[in-house]
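Next up, upload-v2.cif (mmCIF, N, CA and C atoms):
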```cif
data_data
#
loop_
_atom_site.label_atom_id
_atom_site.label_comp_id
_atom_site.auth_asym_id
_atom_site.auth_seq_id
_atom_site.Cartn_x
_atom_site.Cartn_y
_atom_site.Cartn_z
N MET X 23 150.47 95.31 94.59
CA MET X 23 150.10 94.00 94.10
C MET X 23 148.62 93.72 94.40
N ARG X 24 148.17 94.10 95.61
CA ARG X 24 146.80 93.81 96.00
C ARG X 24 145.81 94.59 95.14
N SER X 25 146.16 95.84 94.81
CA SER X 25 145.25 96.65 93.99
C SER X 25 145.15 96.09 92.58
N ARG X 26 146.23 95.57 92.07
CA ARG X 26 146.19 94.95 90.73
C ARG X 26 145.35 93.68 90.75
N LYS X 27 145.47 92.93 91.83
CA LYS X 27 144.68 91.71 91.96
C LYS X 27 143.19 92.06 92.01
N ARG X 28 142.86 93.11 92.75
CA ARG X 28 141.47 93.55 92.84
C ARG X 28 140.98 94.04 91.48
N LEU X 29 141.85 94.75 90.76
CA LEU X 29 141.51 95.24 89.43
C LEU X 29 141.25 94.08 88.47
N ARG X 30 142.09 93.06 88.52
CA ARG X 30 141.90 91.88 87.65
C ARG X 30 140.56 91.20 87.95
N LYS X 31 140.21 91.16 89.23
CA LYS X 31 138.96 90.53 89.62
C LYS X 31 137.76 91.35 89.11
N LEU X 32 137.85 92.67 89.18
CA LEU X 32 136.76 93.54 88.74
C LEU X 32 136.58 93.54 87.23
N THR X 33 137.68 93.31 86.50
CA THR X 33 137.60 93.34 85.04
C THR X 33 137.45 91.96 84.43
N LYS X 34 137.15 90.98 85.24
CA LYS X 34 136.95 89.62 84.75
C LYS X 34 135.78 89.62 83.76
N GLY X 35 136.00 89.01 82.62
CA GLY X 35 134.96 88.96 81.61
C GLY X 35 135.11 90.03 80.55
N PHE X 36 135.97 91.02 80.77
CA PHE X 36 136.23 92.02 79.73
C PHE X 36 137.01 91.36 78.61
N ARG X 37 136.85 91.83 77.39
CA ARG X 37 137.42 91.17 76.23
C ARG X 37 138.86 91.59 75.96
N GLN X 38 139.59 90.68 75.35
CA GLN X 38 140.96 90.87 74.89
C GLN X 38 141.87 91.39 75.99
N SER X 39 142.63 92.44 75.73
CA SER X 39 143.60 92.88 76.72
C SER X 39 142.98 93.77 77.80
N ARG X 40 141.69 94.03 77.69
CA ARG X 40 141.05 94.93 78.65
C ARG X 40 140.92 94.32 80.04
N HIS X 41 141.16 93.03 80.16
CA HIS X 41 141.03 92.41 81.48
C HIS X 41 142.38 92.09 82.11
N ASN X 42 143.48 92.17 81.35
CA ASN X 42 144.74 91.80 81.99
C ASN X 42 145.85 92.85 81.89
N LEU X 43 145.72 93.88 81.03
CA LEU X 43 146.69 94.96 81.02
C LEU X 43 146.21 96.05 81.97
N VAL X 44 147.07 96.42 82.90
CA VAL X 44 146.65 97.26 84.03
C VAL X 44 146.11 98.61 83.57
N ARG X 45 146.84 99.30 82.71
CA ARG X 45 146.41 100.65 82.31
C ARG X 45 145.10 100.58 81.53
N GLN X 46 145.03 99.65 80.61
CA GLN X 46 143.83 99.53 79.79
C GLN X 46 142.63 99.07 80.61
N SER X 47 142.85 98.15 81.53
CA SER X 47 141.74 97.66 82.35
C SER X 47 141.25 98.75 83.30
N THR X 48 142.15 99.61 83.78
CA THR X 48 141.73 100.71 84.66
C THR X 48 140.81 101.66 83.91
N VAL X 49 141.23 102.05 82.70
CA VAL X 49 140.42 102.97 81.90
C VAL X 49 139.06 102.35 81.57
N THR X 50 139.08 101.08 81.19
CA THR X 50 137.84 100.39 80.83
C THR X 50 136.91 100.26 82.03
N LEU X 51 137.46 100.01 83.20
CA LEU X 51 136.65 99.88 84.40
C LEU X 51 136.00 101.22 84.76
N ILE X 52 136.74 102.30 84.62
CA ILE X 52 136.17 103.63 84.90
C ILE X 52 134.99 103.89 83.97
N ARG X 53 135.19 103.59 82.68
CA ARG X 53 134.14 103.81 81.69
C ARG X 53 132.92 102.92 81.99
N ALA X 54 133.18 101.67 82.40
CA ALA X 54 132.08 100.75 82.72
C ALA X 54 131.27 101.27 83.90
N ARG X 55 131.95 101.83 84.88
CA ARG X 55 131.23 102.36 86.04
C ARG X 55 130.43 103.61 85.68
N VAL X 56 130.94 104.41 84.75
CA VAL X 56 130.18 105.58 84.28
C VAL X 56 128.89 105.12 83.60
N TYR X 57 129.01 104.11 82.73
CA TYR X 57 127.82 103.57 82.06
C TYR X 57 126.83 103.01 83.08
N ALA X 58 127.32 102.30 84.07
CA ALA X 58 126.45 101.70 85.07
C ALA X 58 125.69 102.78 85.85
N PHE X 59 126.40 103.84 86.23
CA PHE X 59 125.80 104.95 86.98
C PHE X 59 124.71 105.60 86.14
N ARG X 60 125.03 105.89 84.85
CA ARG X 60 124.09 106.55 83.96
C ARG X 60 122.87 105.67 83.70
N ASP X 61 123.11 104.39 83.45
CA ASP X 61 122.03 103.52 83.01
C ASP X 61 121.11 103.09 84.14
N ARG X 62 121.52 103.28 85.39
CA ARG X 62 120.58 103.04 86.48
C ARG X 62 119.44 104.05 86.39
N ARG X 63 119.74 105.25 85.93
CA ARG X 63 118.70 106.27 85.76
C ARG X 63 117.92 106.05 84.47
N VAL X 64 118.61 105.61 83.43
CA VAL X 64 117.95 105.34 82.15
C VAL X 64 116.92 104.22 82.30
N ARG X 65 117.25 103.20 83.11
CA ARG X 65 116.33 102.08 83.32
C ARG X 65 115.00 102.57 83.89
N LYS X 66 115.05 103.51 84.81
CA LYS X 66 113.83 104.05 85.39
C LYS X 66 112.97 104.73 84.32
N ARG X 67 113.63 105.49 83.43
CA ARG X 67 112.90 106.15 82.34
C ARG X 67 112.25 105.14 81.41
N MET X 68 113.00 104.09 81.09
CA MET X 68 112.50 103.09 80.14
C MET X 68 111.30 102.34 80.72
N PHE X 69 111.35 102.03 82.01
CA PHE X 69 110.21 101.35 82.62
C PHE X 69 108.98 102.24 82.63
N ARG X 70 109.16 103.53 82.92
CA ARG X 70 108.03 104.46 82.91
C ARG X 70 107.41 104.52 81.52
N ARG X 71 108.25 104.56 80.47
CA ARG X 71 107.74 104.55 79.10
C ARG X 71 106.96 103.28 78.80
N LEU X 72 107.48 102.14 79.26
CA LEU X 72 106.80 100.86 79.05
C LEU X 72 105.43 100.85 79.72
N TRP X 73 105.37 101.33 80.96
CA TRP X 73 104.10 101.35 81.69
C TRP X 73 103.09 102.24 80.97
N ILE X 74 103.53 103.40 80.48
CA ILE X 74 102.62 104.31 79.79
C ILE X 74 102.09 103.66 78.52
N ILE X 75 102.97 102.96 77.79
CA ILE X 75 102.55 102.29 76.56
C ILE X 75 101.50 101.22 76.87
N ARG X 76 101.71 100.45 77.93
CA ARG X 76 100.77 99.40 78.30
C ARG X 76 99.42 99.97 78.72
N VAL X 77 99.45 101.02 79.53
CA VAL X 77 98.20 101.62 80.00
C VAL X 77 97.47 102.25 78.82
N ASN X 78 98.19 102.89 77.93
CA ASN X 78 97.58 103.52 76.77
C ASN X 78 96.90 102.47 75.89
N ALA X 79 97.57 101.34 75.66
CA ALA X 79 96.99 100.28 74.84
C ALA X 79 95.71 99.74 75.49
N ALA X 80 95.73 99.56 76.80
CA ALA X 80 94.55 99.06 77.50
C ALA X 80 93.41 100.09 77.46
N CYS X 81 93.76 101.35 77.54
CA CYS X 81 92.75 102.42 77.48
C CYS X 81 92.10 102.46 76.10
N ARG X 82 92.94 102.41 75.07
CA ARG X 82 92.43 102.48 73.69
C ARG X 82 91.48 101.33 73.41
N ALA X 83 91.75 100.17 73.98
CA ALA X 83 90.85 99.03 73.79
C ALA X 83 89.49 99.28 74.44
N ARG X 84 89.44 100.21 75.37
CA ARG X 84 88.18 100.53 76.05
C ARG X 84 87.63 101.88 75.60
N GLY X 85 88.16 102.41 74.51
CA GLY X 85 87.62 103.64 73.91
C GLY X 85 88.00 104.91 74.63
N MET X 86 89.19 104.96 75.19
CA MET X 86 89.63 106.16 75.91
C MET X 86 91.11 106.38 75.66
N ARG X 87 91.53 107.63 75.68
CA ARG X 87 92.95 107.93 75.51
C ARG X 87 93.64 107.92 76.87
N TYR X 88 94.95 107.73 76.83
CA TYR X 88 95.75 107.68 78.07
C TYR X 88 95.62 108.99 78.85
N SER X 89 95.72 110.11 78.14
CA SER X 89 95.68 111.40 78.82
C SER X 89 94.33 111.64 79.47
N GLU X 90 93.26 111.18 78.81
CA GLU X 90 91.92 111.31 79.40
C GLU X 90 91.82 110.47 80.67
N LEU X 91 92.38 109.27 80.63
CA LEU X 91 92.35 108.40 81.81
C LEU X 91 93.06 109.07 82.99
N VAL X 92 94.26 109.57 82.74
CA VAL X 92 95.04 110.18 83.82
C VAL X 92 94.31 111.41 84.37
N HIS X 93 93.75 112.21 83.47
CA HIS X 93 93.02 113.41 83.91
C HIS X 93 91.78 113.02 84.71
N GLY X 94 91.04 112.03 84.24
CA GLY X 94 89.85 111.57 84.96
C GLY X 94 90.18 111.02 86.33
N LEU X 95 91.30 110.29 86.43
CA LEU X 95 91.70 109.75 87.73
C LEU X 95 92.13 110.86 88.68
N GLN X 96 92.77 111.89 88.13
CA GLN X 96 93.14 113.03 88.99
C GLN X 96 91.90 113.73 89.53
N LEU X 97 90.89 113.90 88.67
CA LEU X 97 89.64 114.54 89.12
C LEU X 97 88.90 113.65 90.12
N ALA X 98 89.04 112.33 89.99
CA ALA X 98 88.39 111.40 90.92
C ALA X 98 89.20 111.21 92.20
N LEU X 99 90.34 111.87 92.28
CA LEU X 99 91.24 111.79 93.44
C LEU X 99 91.76 110.36 93.67
N VAL X 100 91.99 109.65 92.56
CA VAL X 100 92.56 108.31 92.62
C VAL X 100 94.07 108.45 92.48
N GLN X 101 94.82 107.87 93.40
CA GLN X 101 96.27 108.02 93.38
C GLN X 101 96.95 106.70 93.06
N LEU X 102 96.71 106.21 91.84
CA LEU X 102 97.41 105.02 91.36
C LEU X 102 98.53 105.47 90.44
N ASP X 103 99.72 104.94 90.66
CA ASP X 103 100.83 105.32 89.79
C ASP X 103 100.79 104.47 88.52
N ARG X 104 101.65 104.83 87.57
CA ARG X 104 101.64 104.18 86.26
C ARG X 104 102.03 102.71 86.34
N LYS X 105 102.93 102.39 87.26
CA LYS X 105 103.36 101.00 87.43
C LYS X 105 102.18 100.14 87.86
N THR X 106 101.42 100.62 88.83
CA THR X 106 100.27 99.88 89.32
C THR X 106 99.19 99.76 88.26
N LEU X 107 98.94 100.86 87.53
CA LEU X 107 97.94 100.84 86.47
C LEU X 107 98.31 99.82 85.40
N ALA X 108 99.58 99.80 85.01
CA ALA X 108 100.03 98.85 83.99
C ALA X 108 99.88 97.42 84.48
N ASP X 109 100.20 97.18 85.75
CA ASP X 109 100.08 95.84 86.31
C ASP X 109 98.62 95.39 86.33
N ILE X 110 97.72 96.29 86.72
CA ILE X 110 96.29 95.97 86.74
C ILE X 110 95.79 95.72 85.32
N ALA X 111 96.25 96.54 84.37
CA ALA X 111 95.81 96.40 82.98
C ALA X 111 96.19 95.05 82.41
N VAL X 112 97.36 94.55 82.78
CA VAL X 112 97.84 93.27 82.24
C VAL X 112 97.21 92.09 82.97
N HIS X 113 97.16 92.15 84.30
CA HIS X 113 96.77 90.98 85.08
C HIS X 113 95.31 90.93 85.53
N ASP X 114 94.62 92.08 85.53
CA ASP X 114 93.23 92.09 85.98
C ASP X 114 92.41 93.05 85.09
N PRO X 115 92.08 92.61 83.87
CA PRO X 115 91.40 93.50 82.91
C PRO X 115 90.04 94.00 83.41
N ASP X 116 89.32 93.18 84.19
CA ASP X 116 88.01 93.62 84.68
C ASP X 116 88.15 94.81 85.63
N ALA X 117 89.12 94.74 86.52
CA ALA X 117 89.35 95.86 87.45
C ALA X 117 89.79 97.10 86.68
N PHE X 118 90.59 96.90 85.62
CA PHE X 118 91.03 98.06 84.83
C PHE X 118 89.85 98.71 84.12
N THR X 119 88.90 97.89 83.67
CA THR X 119 87.71 98.43 83.03
C THR X 119 86.93 99.30 84.02
N LYS X 120 86.85 98.86 85.27
CA LYS X 120 86.17 99.66 86.30
C LYS X 120 86.90 100.97 86.55
N ILE X 121 88.24 100.93 86.52
CA ILE X 121 89.02 102.15 86.71
C ILE X 121 88.77 103.12 85.57
N VAL X 122 88.72 102.59 84.34
CA VAL X 122 88.45 103.44 83.17
C VAL X 122 87.06 104.05 83.28
N ASP X 123 86.07 103.26 83.72
CA ASP X 123 84.71 103.78 83.89
C ASP X 123 84.67 104.88 84.95
N LEU X 124 85.41 104.68 86.02
CA LEU X 124 85.48 105.70 87.08
C LEU X 124 86.07 107.00 86.53
N ALA X 125 87.14 106.88 85.77
CA ALA X 125 87.76 108.07 85.18
C ALA X 125 86.81 108.75 84.21
N ARG X 126 86.08 107.95 83.44
CA ARG X 126 85.14 108.50 82.45
C ARG X 126 84.01 109.27 83.15
N GLN X 127 83.56 108.79 84.29
CA GLN X 127 82.48 109.47 85.03
C GLN X 127 82.93 110.84 85.53
N HIS X 128 84.21 110.97 85.86
CA HIS X 128 84.68 112.23 86.44
C HIS X 128 85.19 113.23 85.41
N LEU X 129 85.24 112.81 84.15
CA LEU X 129 85.64 113.75 83.10
C LEU X 129 84.52 114.73 82.85
N PRO X 130 84.84 116.00 82.60
CA PRO X 130 83.77 116.96 82.28
C PRO X 130 83.15 116.63 80.91
N ARG X 131 81.87 116.82 80.82
CA ARG X 131 81.17 116.57 79.55
C ARG X 131 81.53 117.66 78.54
N THR X 132 81.85 117.24 77.33
CA THR X 132 82.16 118.21 76.27
C THR X 132 81.07 118.14 75.24
N THR X 133 80.64 119.30 74.77
CA THR X 133 79.62 119.36 73.72
C THR X 133 80.28 119.88 72.46
N ASP X 134 80.11 119.14 71.38
CA ASP X 134 80.69 119.55 70.10
C ASP X 134 79.67 120.37 69.33
N ALA X 135 79.97 121.63 69.12
CA ALA X 135 79.09 122.51 68.34
C ALA X 135 79.68 122.68 66.95
N GLY X 136 79.36 121.78 66.08
CA GLY X 136 79.93 121.90 64.75
C GLY X 136 79.63 120.81 63.90
#
```

Would it be possible to restate this file's structure as structure tokens?
Amino acid sequence: MRSRKRLRKLTKGFRQSRHNLVRQSTVTLIRARVYAFRDRRVRKRMFRRLWIIRVNAACRARGMRYSELVHGLQLALVQLDRKTLADIAVHDPDAFTKIVDLARQHLPRTTDAG
């Protein structure tokens, strides 16, 4: 009886018979937990994609590509992660411009022969 009560509590809010029929609610709860486990990892991927998009947009506005920025920062030995870069790009554009300039200074000069 106690396990059924716990099951009913865990499946509260599920639609139709999925919250009150024991067999169906058990199966639905297992599936819900699988989705929750999987999507905790998916959320991390989605945030990383969002940060890269934001940093890339801020870079393009300053005449630089995202990959060039990351490469320049690696050569300058700057260890800012994408989350921090995206936050700076959104909330402190002047500081981001300085970061882009720093990366640009450390990029090797390329000469176009053509």

Problem set entry | Long-range neighbours of range 61-73 of chain X as a VMD selection string, 10 Å cut-off, only C-alpha atoms, 2 positions minimum in chain | chain X and resid 55 to 59 75 to 79 103 to 109 111

Using N, CA and C atoms, can you write the selected residues to a file as a PDB file, in the coordinates of the input?
```pdb
ATOM      1  N   ARG X  55     131.950 101.830  84.880  1.00  0.00           N
ATOM      2  CA  ARG X  55     131.230 102.360  86.040  1.00  0.00           C
ATOM      3  C   ARG X  55     130.430 103.610  85.680  1.00  0.00           C
ATOM      4  N   VAL X  56     130.940 104.410  84.750  1.00  0.00           N
ATOM      5  CA  VAL X  56     130.180 105.580  84.280  1.00  0.00           C
ATOM      6  C   VAL X  56     128.890 105.120  83.600  1.00  0.00           C
ATOM      7  N   TYR X  57     129.010 104.110  82.730  1.00  0.00           N
ATOM      8  CA  TYR X  57     127.820 103.570  82.060  1.00  0.00           C
ATOM      9  C   TYR X  57     126.830 103.010  83.080  1.00  0.00           C
ATOM     10  N   ALA X  58     127.320 102.300  84.070  1.00  0.00           N
ATOM     11  CA  ALA X  58     126.450 101.700  85.070  1.00  0.00           C
ATOM     12  C   ALA X  58     125.690 102.780  85.850  1.00  0.00           C
ATOM     13  N   PHE X  59     126.400 103.840  86.230  1.00  0.00           N
ATOM     14  CA  PHE X  59     125.800 104.950  86.980  1.00  0.00           C
ATOM     15  C   PHE X  59     124.710 105.600  86.140  1.00  0.00           C
ATOM     16  N   ILE X  75     102.970 102.960  77.790  1.00  0.00           N
ATOM     17  CA  ILE X  75     102.550 102.290  76.560  1.00  0.00           C
ATOM     18  C   ILE X  75     101.500 101.220  76.870  1.00  0.00           C
ATOM     19  N   ARG X  76     101.710 100.450  77.930  1.00  0.00           N
ATOM     20  CA  ARG X  76     100.770  99.400  78.300  1.00  0.00           C
ATOM     21  C   ARG X  76      99.420  99.970  78.720  1.00  0.00           C
ATOM     22  N   VAL X  77      99.450 101.020  79.530  1.00  0.00           N
ATOM     23  CA  VAL X  77      98.200 101.620  80.000  1.00  0.00           C
ATOM     24  C   VAL X  77      97.470 102.250  78.820  1.00  0.00           C
ATOM     25  N   ASN X  78      98.190 102.890  77.930  1.00  0.00           N
ATOM     26  CA  ASN X  78      97.580 103.520  76.770  1.00  0.00           C
ATOM     27  C   ASN X  78      96.900 102.470  75.890  1.00  0.00           C
ATOM     28  N   ALA X  79      97.570 101.340  75.660  1.00  0.00           N
ATOM     29  CA  ALA X  79      96.990 100.280  74.840  1.00  0.00           C
ATOM     30  C   ALA X  79      95.710  99.740  75.490  1.00  0.00           C
ATOM     31  N   ASP X 103      99.720 104.940  90.660  1.00  0.00           N
ATOM     32  CA  ASP X 103     100.830 105.320  89.790  1.00  0.00           C
ATOM     33  C   ASP X 103     100.790 104.470  88.520  1.00  0.00           C
ATOM     34  N   ARG X 104     101.650 104.830  87.570  1.00  0.00           N
ATOM     35  CA  ARG X 104     101.640 104.180  86.260  1.00  0.00           C
ATOM     36  C   ARG X 104     102.030 102.710  86.340  1.00  0.00           C
ATOM     37  N   LYS X 105     102.930 102.390  87.260  1.00  0.00           N
ATOM     38  CA  LYS X 105     103.360 101.000  87.430  1.00  0.00           C
ATOM     39  C   LYS X 105     102.180 100.140  87.860  1.00  0.00           C
ATOM     40  N   THR X 106     101.420 100.620  88.830  1.00  0.00           N
ATOM     41  CA  THR X 106     100.270  99.880  89.320  1.00  0.00           C
ATOM     42  C   THR X 106      99.190  99.760  88.260  1.00  0.00           C
ATOM     43  N   LEU X 107      98.940 100.860  87.530  1.00  0.00           N
ATOM     44  CA  LEU X 107      97.940 100.840  86.470  1.00  0.00           C
ATOM     45  C   LEU X 107      98.310  99.820  85.400  1.00  0.00           C
ATOM     46  N   ALA X 108      99.580  99.800  85.010  1.00  0.00           N
ATOM     47  CA  ALA X 108     100.030  98.850  83.990  1.00  0.00           C
ATOM     48  C   ALA X 108      99.880  97.420  84.480  1.00  0.00           C
ATOM     49  N   ASP X 109     100.200  97.180  85.750  1.00  0.00           N
ATOM     50  CA  ASP X 109     100.080  95.840  86.310  1.00  0.00           C
ATOM     51  C   ASP X 109      98.620  95.390  86.330  1.00  0.00           C
ATOM     52  N   ALA X 111      96.250  96.540  84.370  1.00  0.00           N
ATOM     53  CA  ALA X 111      95.810  96.400  82.980  1.00  0.00           C
ATOM     54  C   ALA X 111      96.190  95.050  82.410  1.00  0.00           C
TER      55      ALA X 111
END
```

Exercise. Do you know which residues are at most 9 Å from range 33-37 of chain X counting only C-alpha atoms, after dropping those on the same chain fewer than 2 positions away, and could you put them as a list in words?
Worked result: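 Surrounding residues, per the criterion: Arg28, Leu29, Arg30, Lys31, Ser39, Arg40, His41, Asn42, Ser47, Thr48, Thr50 and Leu51 of chain X.
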
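Distance-wise, CA of Leu32 in chain X and atom N of Ile52 in chain X end up 9.7 Å apart.
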
Problem set entry | atom C of Val112 in chain X to atom N of Gly94 in chain X, straight-line distance in Å |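 About the pair atom N of Gly94 in chain X and atom C of Val112 in chain X: they are 20.9 Å apart.
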
For this session: DSSP on the backbone, then: every residue of chain X marked alpha helix (DSSP H), written as a PyMOL selection string.
Result: chain X and resi 24-32+44-83+88-97+104-113+115-128

For this session: Please provide as a list in words all residues within 12 Å of Leu99 in chain X, with the sequence filter that same-chain residues fewer than 3 positions apart are discarded (counting only C-alpha atoms).
Result: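 Non-adjacent residues within range: Val92, His93, Gly94, Leu95, Gln96, Leu102, Ile121, Leu124, Ala125, His128 and Leu129 of chain X.
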
Keeping only N, CA and C atoms, write those residues as a PDB file, in the coordinates of the input.
```pdb
ATOM      1  N   VAL X  92      94.260 109.570  82.740  1.00  0.00           N
ATOM      2  CA  VAL X  92      95.040 110.180  83.820  1.00  0.00           C
ATOM      3  C   VAL X  92      94.310 111.410  84.370  1.00  0.00           C
ATOM      4  N   HIS X  93      93.750 112.210  83.470  1.00  0.00           N
ATOM      5  CA  HIS X  93      93.020 113.410  83.910  1.00  0.00           C
ATOM      6  C   HIS X  93      91.780 113.020  84.710  1.00  0.00           C
ATOM      7  N   GLY X  94      91.040 112.030  84.240  1.00  0.00           N
ATOM      8  CA  GLY X  94      89.850 111.570  84.960  1.00  0.00           C
ATOM      9  C   GLY X  94      90.180 111.020  86.330  1.00  0.00           C
ATOM     10  N   LEU X  95      91.300 110.290  86.430  1.00  0.00           N
ATOM     11  CA  LEU X  95      91.700 109.750  87.730  1.00  0.00           C
ATOM     12  C   LEU X  95      92.130 110.860  88.680  1.00  0.00           C
ATOM     13  N   GLN X  96      92.770 111.890  88.130  1.00  0.00           N
ATOM     14  CA  GLN X  96      93.140 113.030  88.990  1.00  0.00           C
ATOM     15  C   GLN X  96      91.900 113.730  89.530  1.00  0.00           C
ATOM     16  N   LEU X 102      96.710 106.210  91.840  1.00  0.00           N
ATOM     17  CA  LEU X 102      97.410 105.020  91.360  1.00  0.00           C
ATOM     18  C   LEU X 102      98.530 105.470  90.440  1.00  0.00           C
ATOM     19  N   ILE X 121      88.240 100.930  86.520  1.00  0.00           N
ATOM     20  CA  ILE X 121      89.020 102.150  86.710  1.00  0.00           C
ATOM     21  C   ILE X 121      88.770 103.120  85.570  1.00  0.00           C
ATOM     22  N   LEU X 124      85.410 104.680  86.020  1.00  0.00           N
ATOM     23  CA  LEU X 124      85.480 105.700  87.080  1.00  0.00           C
ATOM     24  C   LEU X 124      86.070 107.000  86.530  1.00  0.00           C
ATOM     25  N   ALA X 125      87.140 106.880  85.770  1.00  0.00           N
ATOM     26  CA  ALA X 125      87.760 108.070  85.180  1.00  0.00           C
ATOM     27  C   ALA X 125      86.810 108.750  84.210  1.00  0.00           C
ATOM     28  N   HIS X 128      84.210 110.970  85.860  1.00  0.00           N
ATOM     29  CA  HIS X 128      84.680 112.230  86.440  1.00  0.00           C
ATOM     30  C   HIS X 128      85.190 113.230  85.410  1.00  0.00           C
ATOM     31  N   LEU X 129      85.240 112.810  84.150  1.00  0.00           N
ATOM     32  CA  LEU X 129      85.640 113.750  83.100  1.00  0.00           C
ATOM     33  C   LEU X 129      84.520 114.730  82.850  1.00  0.00           C
TER      34      LEU X 129
END
```

Exercise. Which is closer to Ala80 in chain X than all the others in X:Val49, X:Phe118, X:Arg26, X:Pro130, using all atoms listed in the file?
Worked result: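 Among X:Val49, X:Phe118, X:Arg26, X:Pro130, it is X:Phe118 that comes nearest to Ala80 in chain X.
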
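The interatomic distance for the pair CA of Leu43 in chain X and CA of Arg60 in chain X works out to 25.6 Å.
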